[in-house]
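Worksheet for the structure shown next.
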Amino acid sequence: MSRLTMETRLRIFNATKETIYHYFSPALSCKNRSLYRRNGERFTHMASGIMTMKEVNSTLHKWMGTRIGWYPQSRDRTHLLKFLPKSQEELPPRSIKDSFAEAIIPLSSEPRLQNRYVTAIGKLRMGRVIEDMDFFSVFVALKYIKNPLQKEDSPTPYTIVTAAVDDIEYIFEKPDVTSDVKLSGKVVSVGKSSLSIIVTLSYKMNDKWSQMTKANFLMAARNSTLTEPAFVNRLEPSSPEEEMEIKDALEQKMKRSERYKSSLMVFPPSVEEQKIIHENFVKSVDLDDPTINKRILPPGFVWTEDTRLNTCIFPHPENRNHHNTVFGGYLMRLALELAWMTAFTHSGQRPSLRYVSNITFKKPVKLNSFLKIMSQVIYTFEYYMQIAVYIELYDMSSNKVLTTNSFHFTYEANEPVKPVMPKTYHENILYLLGRRHMANFKR
């Protein structure tokens, strides 16, 4: 028998591998594969026919005209300004179904991903997942926008940034990190340059998808240079179901607006809340020798200031988004995980995240900035702790310190937790703010 050349052996090996690939791996065989299309683009996916988050990232790189890997500064996008509409009427109306998208985090089939998403006890790491939810909402927003002025195969002239996130309710026990996770998103209301996006998170167990949570992301559309708002398509319902969804979203928008109008940063506390501040003060003074400067911690309480945890971060290029500022989802993960440590330290037990009532993004964060993240318990109720997290930015170029983000998380412990006692008026305002967020969670 003649000896086979190396080239022939390699050809036989590749042919055999291809045969095994198609006939013995049904999850990846041609019969079970499907195509995802948008503007002529094609992606081959797994049996579910849904994109992976890795493919979402690759798609965003293409849409934004950015490349994967290190580059010293963001690409000049000034030339794209001419492709932006001058009014909303120049854009065709869109429907909710036009924006709908799904993506998979294939934890069951990609063990390398598991280290990224696992906690110390083998459960799903929520900080990573909320980071993906923010990233995915940008993809949904760009999928929704249809701009006839944009040239084919040209980068989008839009830049999508996160303005706020609220009403994230967690109604599940964390799944194991070997369970696939699915993100679903759709635009449910729009303004002239804003989009409200619902992102739903599910996990797969016994071949069934179970919903973990959903979040409302308020995204702002900016021009290609991040200097001005950019008009987006009007939203028109294509079915009675979509009409109801839009109506519900508008009602939520009105409620959110009412909460902002009664902000404690703008308006004084109500008469009832002023009474609470006075009660806190009376509880923490010696009535036999009442002195303003002498405060006494009531039995069973903890000073609010003693629950505080701080950390400093210097972001690196791996933490940037497609327009070369710090990725908002990364900041959300840092805040959530510091809040969890704060709740753990205060309660002495592993807490469970139950609600995210409000996250705000006040301005973009540059890469050459120092970030100080402060977290503390501002209010408690039985088993629950209301945690506030604030991010301050020190801009080295301007030598200024600015508050860029605020976060409000509700955590639950297995046993009742100690109440907190504010000392200063500032801490009392935070106490009332936490009380309002807790009331929103109860509702």
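Chain labels run A, B, ... following the order of the structure tokens; each chain numbers its residues from 1, and ligands are numbered from 1 in the order shown.
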
9 Å contact set for Leu371 in chain A, only C-alpha atoms, chain neighbours under 3 positions out, as a list in words
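What passes the distance filter is Thr311, Cys312, Ile313, Phe314, Pro315, Val365, Ile391, Glu392, Leu393, Tyr394 and Asp395 of chain A.
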
May I have the residues within 7 Å of Pro93 in chain A as JSON, numbers by chain, using only C-alpha atoms and disregarding those fewer than 4 positions away in the same chain?
{"A": [233, 234, 235, 236]}

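You can rank A:Tyr390, A:Ser406, A:Pro364, A:Ala413 by their closest distance to Ser347 in chain A using only C-alpha atoms, and at the top of that list sits A:Ala413.
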
What's the 9 Å shell around Asp286 in chain A, counting only C-alpha atoms, without same-chain residues fewer than 6 positions away, as an MDAnalysis selection string?
chainID A and resid 294:296

May I ask which of the residues A:Thr360, A:Arg333, A:Asp306, A:Ser352 is the closest one to Val377 in chain A, counting only C-alpha atoms?
A:Asp306
